[in-house]
Amino acid sequence: MATPLQTQTVDLAARFPGAVAADTRPGYSGFIVEKDRLVETATAVRDEFGYDLLTAVIGVDYLPENKMEVVYHAYKTTGGPGLVFKVQVPRVDPVEVPSLIDVYPGADLQEREAWDLFGIKFTGHPDLRRILMWEGFEGHPLRKDWKEPFYEEDAKPFKSRWPEGRHVSAEEKNPFKDNVNYPKNFDPEKWVPEGEALLYGSLARYTLKQDDDLGTDRIVVNMGPQHPSTHGVFRAAITLDGETIVGLKPVVGYLHRNHEKIGERNTFLQNMPYTDRLDYFNSMSNNFGYALAVEKLMNIPVAERADYIRIIMAELSRIQNHLIFIGMLLNDLGAMYTPALYAFEERELILDIFEAVAGSRMMCNYFRFGGVVRDVPEDAMQKIKDLVFERLPGKTDEMDRLLSENEVLLSRLKGIHVIDGETAIRYSMTGPVLRAAGVPYDIRRADPYSVYDRFDFDVAVRQNGDLFDNYMIRLDEIRQSLRIVQQAVKQIPQGPINSQKPQYQVRVPAGEAYGRIESPKGELAFYVVSNGKPNPWRYHVRPASFVNITALEQICLGTKIADFVALLGVLDIVMGELDR
Amino acid sequence: MYGKGILKGLSVTWKRFWSTYTEDIAWMLRGKKRYFNEDGVKARAGKDTRGIFTVQYPEEKLITPEEFRYVPFLVYDEGAEGKKEIRCTSCGICAKVCPPQCIWIVRTNDPNTGRPVPAPANFFIDADICMNCGFCAEYCPFDAIKMDHDFEIASYGRNVFNLEKLLKPASYYAGIRPHNAAREDEARRAKEAAKAAKAGAGAA
């Protein structure tokens, strides 16, 4: 079944004649908005047309046309296709675009990312600092004229590998200390890092006016980057009033490797194993999103059997992710290791399936454009059936029995408010956190992709939006995922597993595509721009973890520092995906 | 009653605690070994596994499925008098498809004409860079490069494998991937037969 193409349902150009025009470039869709009327248009998109969820803010550098573009993807939380609008500005510094932070607060971190990597200045943004690179970094790395210190050629494959074929190690070519680009006249001895000052400066606005005579000092606590509860190298600079959080700034980028620049050097196919390394718990889901985006661009169908296999794998991935989530949340809360190791046991069995099917437990690299690599072996299929029909339902109930009524856990989780539905939507949150806040938004239902429309399952929703609901919704989702896999293994048809011939270099017509899936952590989307060459012109990942922490400050304000660990835990972030 | 939930949870851990013993005893009564043999490892990775779940590496190892992939190797056919007939033609597809670009191929030139000969003079795989994606094996048209099962390659130095280190016989390949090897051999034989038939028809 072919992936349904995004259809335009709203004529924005008619609403704003003169300011908005349809994007007529071949292969492109959406609307191009005049820079000066962007905020007005975005407000109308949100209020008049009802696109309340801004999922992606993507910078694109069109160097040959000497233009910079910012692409906005807005969706309705009630479902349906999205609305794409873009702003184009000349590529002359300073590149300025009005910030949409007042209309969609969820644009915050994504605008900072576009500033960091493209040097697009969002006027009106209150805290426009670098986010993934460090303050003091030279240049904006995703600009097409920026070259990394290990630069070899613009695009792979490199000539030095074949036909030249002389092996040289990178460290021989770029010895230590020569492998970093420094700004002109840079003296490391005299350089004062400005980043910390800016960071604490942005926290300084939380100074409290003292009404009484009893003066208390605010203290700044840095949680992380090396902290067992932050799930990787995540750092939060927190201002505390006693035990209460009164200000918080996430500091990320410690695991940044410029995945997107690597992606633009790669060919389309070569990106597939790199996507495994984003959210390394769910490489199957990452493959899925990227395959969807490129298939949309290539306009090719997916073999029907492959569609079923994809869904089985993606849902198994969701099950093991949520099991780990529960285990790790309990670890954070102090229930050391018992729930985590019980969860790991079931996860191992699922990873065994991935290993038998894809060849690797975590870095699956299983999807190809038009299908999957290979059929599921007979014994692996039998094991999937055994697990989803016999073992996992019971084990999910066991996890439920083990934890859900535990009074200590309940007193820790119940009534600690995470976020309410409205705020979550404003901050572009997606995934289980949004659904635990009472918004039944699940892309598998709201904007179905692949063959999800053929299965009978419920979108798990919880109403209170507290920590306990965030925990329970994971159990609900495991049960729904089991339902989907149970149906899929029954319905799966025989047939080829790829609609295309295996080829190492795919032909991708010029255009843009946005492929999104409901990953276990929220909306995972890939935005790919092709100019007809073997390498993508722009390859953007919209990871759920990254966008979800936009609301972290909102979530944590007014809570106790001890709950921060749990609040961060339920967001279920993975640094591989967050920092890219 | 306060504490009921805790007791309910404890009943789960209690049961799981005892099952580590009951499982071992059940295996003992059946006269089978649960540890340090293949049956035991298999059972521990099965759907009914209970009790102790861990595998005592390196004394025990997980059973690697056929599709398991690790750093690639080059396949050669054993010719007459132990001659190594390398399947690789140095066409460069693996080097071109490799995502982290960890394959370097030195081509052979004919000493008389100077033209390239379809055989690699040398072949480097930088195993420190290799991401084990399996693309090289997947897209090789000559079944010449395959993914290995040997994952114990830790060393004190750099792991840059050259042609000599990479070469492994076809029998080794058939040993680690019996189904794949059989299928590919069949396909190759069919192709050769078709070619021979075509050549025969052409000659006639």
# chains A, B, ... in the order shown; residues from 1 in each chain; ligands from 1
>>> select_by_dssp(residues="region 253-439 of chain A", states="strand (DSSP E)", output="MDAnalysis selection string")
chainID A and resid 367:368 371:372
>>> write_last_selection(atoms="C-alpha atoms", output="PDB file, in the first residue's frame")
ATOM      1  CA  PHE A 367      14.404  -1.219   6.547  1.00  0.00           C
ATOM      2  CA  ARG A 368      15.031  -0.459   2.909  1.00  0.00           C
ATOM      3  CA  GLY A 371      10.366  -2.853   2.041  1.00  0.00           C
ATOM      4  CA  VAL A 372      12.750  -4.557   4.395  1.00  0.00           C
TER       5      VAL A 372
END
>>> interface_residues(of="chain B", to="chain A", cutoff="9 Å", atoms="only C-alpha atoms", output="count of residues only")
55
>>> residues_around(residues="Trp191 (chain A)", least_positions_apart="3", cutoff="12 Å", atoms="only C-alpha atoms", output="number ranges by chain")
A: 135-137, 182-183, 185-188, 194-195
>>> write_last_selection(atoms="C-alpha atoms", output="PDB file, in the first residue's frame")
ATOM      1  CA  GLU A 135      29.104  29.207  22.903  1.00  0.00           C
ATOM      2  CA  GLY A 136      32.211  30.486  21.199  1.00  0.00           C
ATOM      3  CA  PHE A 137      32.006  27.931  18.431  1.00  0.00           C
ATOM      4  CA  TYR A 182      39.200  28.017  15.968  1.00  0.00           C
ATOM      5  CA  PRO A 183      37.976  31.538  15.291  1.00  0.00           C
ATOM      6  CA  ASN A 185      42.998  35.334  16.329  1.00  0.00           C
ATOM      7  CA  PHE A 186      41.757  32.857  18.877  1.00  0.00           C
ATOM      8  CA  ASP A 187      43.955  32.401  21.914  1.00  0.00           C
ATOM      9  CA  PRO A 188      42.792  29.575  24.159  1.00  0.00           C
ATOM     10  CA  GLU A 194      30.765  33.264  27.431  1.00  0.00           C
ATOM     11  CA  GLY A 195      28.285  30.409  27.447  1.00  0.00           C
TER      12      GLY A 195
END
>>> atom_distance(atom1="CA of Ala42 (chain A)", atom2="CA of Ser29 (chain A)")
17.0 Å
>>> select_by_dssp(residues="region 65-152 of chain B", states="helix (DSSP H, G or I)", output="list of chain:residue names")
B:Ala80, B:Glu81, B:Gly82, B:Ile93, B:Cys94, B:Ala95, B:Lys96, B:Val97, B:Phe135, B:Cys136, B:Ala137, B:Glu138, B:Tyr139
>>> write_last_selection(atoms="C-alpha atoms", output="PDB file, in the first residue's frame")
ATOM      1  CA  ALA B  80      43.448 -26.983  -6.701  1.00  0.00           C
ATOM      2  CA  GLU B  81      46.589 -27.350  -4.535  1.00  0.00           C
ATOM      3  CA  GLY B  82      45.216 -25.018  -1.887  1.00  0.00           C
ATOM      4  CA  ILE B  93      30.584  -1.424  -4.824  1.00  0.00           C
ATOM      5  CA  CYS B  94      31.244  -2.242  -1.169  1.00  0.00           C
ATOM      6  CA  ALA B  95      33.589   0.735  -0.833  1.00  0.00           C
ATOM      7  CA  LYS B  96      31.009   2.977  -2.450  1.00  0.00           C
ATOM      8  CA  VAL B  97      28.045   1.819  -0.397  1.00  0.00           C
ATOM      9  CA  PHE B 135      25.623  -3.108   3.354  1.00  0.00           C
ATOM     10  CA  CYS B 136      28.843  -4.407   1.751  1.00  0.00           C
ATOM     11  CA  ALA B 137      27.696  -8.000   2.080  1.00  0.00           C
ATOM     12  CA  GLU B 138      24.179  -7.126   1.015  1.00  0.00           C
ATOM     13  CA  TYR B 139      25.094  -5.383  -2.218  1.00  0.00           C
TER      14      TYR B 139
END
>>> residues_around(residues="region 174-181 of chain B", least_positions_apart="2", cutoff="8 Å", atoms="only C-alpha atoms", output="list in words")
Glu66, Glu67, Asp148, His149, Ala170, Ser171, Tyr172, Arg183, Glu184 and Asp185 of chain B
>>> write_last_selection(atoms="C-alpha atoms", output="PDB file, in the first residue's frame")
ATOM      1  CA  GLU B  66      22.573 -16.975  11.229  1.00  0.00           C
ATOM      2  CA  GLU B  67      21.957 -13.355  10.277  1.00  0.00           C
ATOM      3  CA  ASP B 148      31.405 -12.467  10.162  1.00  0.00           C
ATOM      4  CA  HIS B 149      30.186 -14.022  13.400  1.00  0.00           C
ATOM      5  CA  ALA B 170      34.055 -20.494   1.556  1.00  0.00           C
ATOM      6  CA  SER B 171      33.744 -23.515   3.850  1.00  0.00           C
ATOM      7  CA  TYR B 172      33.988 -21.196   6.858  1.00  0.00           C
ATOM      8  CA  ARG B 183      20.950 -20.379  -1.407  1.00  0.00           C
ATOM      9  CA  GLU B 184      23.698 -18.290  -2.958  1.00  0.00           C
ATOM     10  CA  ASP B 185      25.568 -21.335  -4.289  1.00  0.00           C
TER      11      ASP B 185
END
>>> residues_around(residues="Glu512 (chain A)", least_positions_apart="2", cutoff="8 Å", atoms="only C-alpha atoms", output="ChimeraX atom specification")
/A:27-29,297,510,514,527-530
>>> write_last_selection(atoms="N, CA and C atoms", output="PDB file, in the first residue's frame")
ATOM      1  N   GLY A  27       7.810  19.240  -6.730  1.00  0.00           N
ATOM      2  CA  GLY A  27       8.164  18.356  -5.630  1.00  0.00           C
ATOM      3  C   GLY A  27       7.965  18.991  -4.276  1.00  0.00           C
ATOM      4  N   TYR A  28       7.619  20.264  -4.240  1.00  0.00           N
ATOM      5  CA  TYR A  28       7.425  20.944  -2.958  1.00  0.00           C
ATOM      6  C   TYR A  28       5.938  21.184  -2.732  1.00  0.00           C
ATOM      7  N   SER A  29       5.585  21.382  -1.466  1.00  0.00           N
ATOM      8  CA  SER A  29       4.199  21.706  -1.164  1.00  0.00           C
ATOM      9  C   SER A  29       4.179  22.768  -0.077  1.00  0.00           C
ATOM     10  N   LEU A 297       9.232  10.690  -1.006  1.00  0.00           N
ATOM     11  CA  LEU A 297       9.963  11.489  -1.979  1.00  0.00           C
ATOM     12  C   LEU A 297      10.125  10.726  -3.297  1.00  0.00           C
ATOM     13  N   ALA A 510      13.898  15.312  -7.324  1.00  0.00           N
ATOM     14  CA  ALA A 510      13.994  16.539  -6.531  1.00  0.00           C
ATOM     15  C   ALA A 510      12.678  16.829  -5.836  1.00  0.00           C
ATOM     16  N   TYR A 514       8.270  14.947   4.187  1.00  0.00           N
ATOM     17  CA  TYR A 514       8.272  14.943   5.648  1.00  0.00           C
ATOM     18  C   TYR A 514       7.603  13.645   6.070  1.00  0.00           C
ATOM     19  N   TYR A 527      12.741  15.114   7.755  1.00  0.00           N
ATOM     20  CA  TYR A 527      12.475  16.038   6.657  1.00  0.00           C
ATOM     21  C   TYR A 527      13.640  15.924   5.691  1.00  0.00           C
ATOM     22  N   VAL A 528      13.339  15.510   4.481  1.00  0.00           N
ATOM     23  CA  VAL A 528      14.394  15.254   3.509  1.00  0.00           C
ATOM     24  C   VAL A 528      14.152  16.110   2.276  1.00  0.00           C
ATOM     25  N   VAL A 529      15.184  16.815   1.846  1.00  0.00           N
ATOM     26  CA  VAL A 529      15.115  17.579   0.606  1.00  0.00           C
ATOM     27  C   VAL A 529      16.108  16.974  -0.361  1.00  0.00           C
ATOM     28  N   SER A 530      15.635  16.684  -1.559  1.00  0.00           N
ATOM     29  CA  SER A 530      16.521  16.133  -2.581  1.00  0.00           C
ATOM     30  C   SER A 530      16.611  17.121  -3.727  1.00  0.00           C
TER      31      SER A 530
END
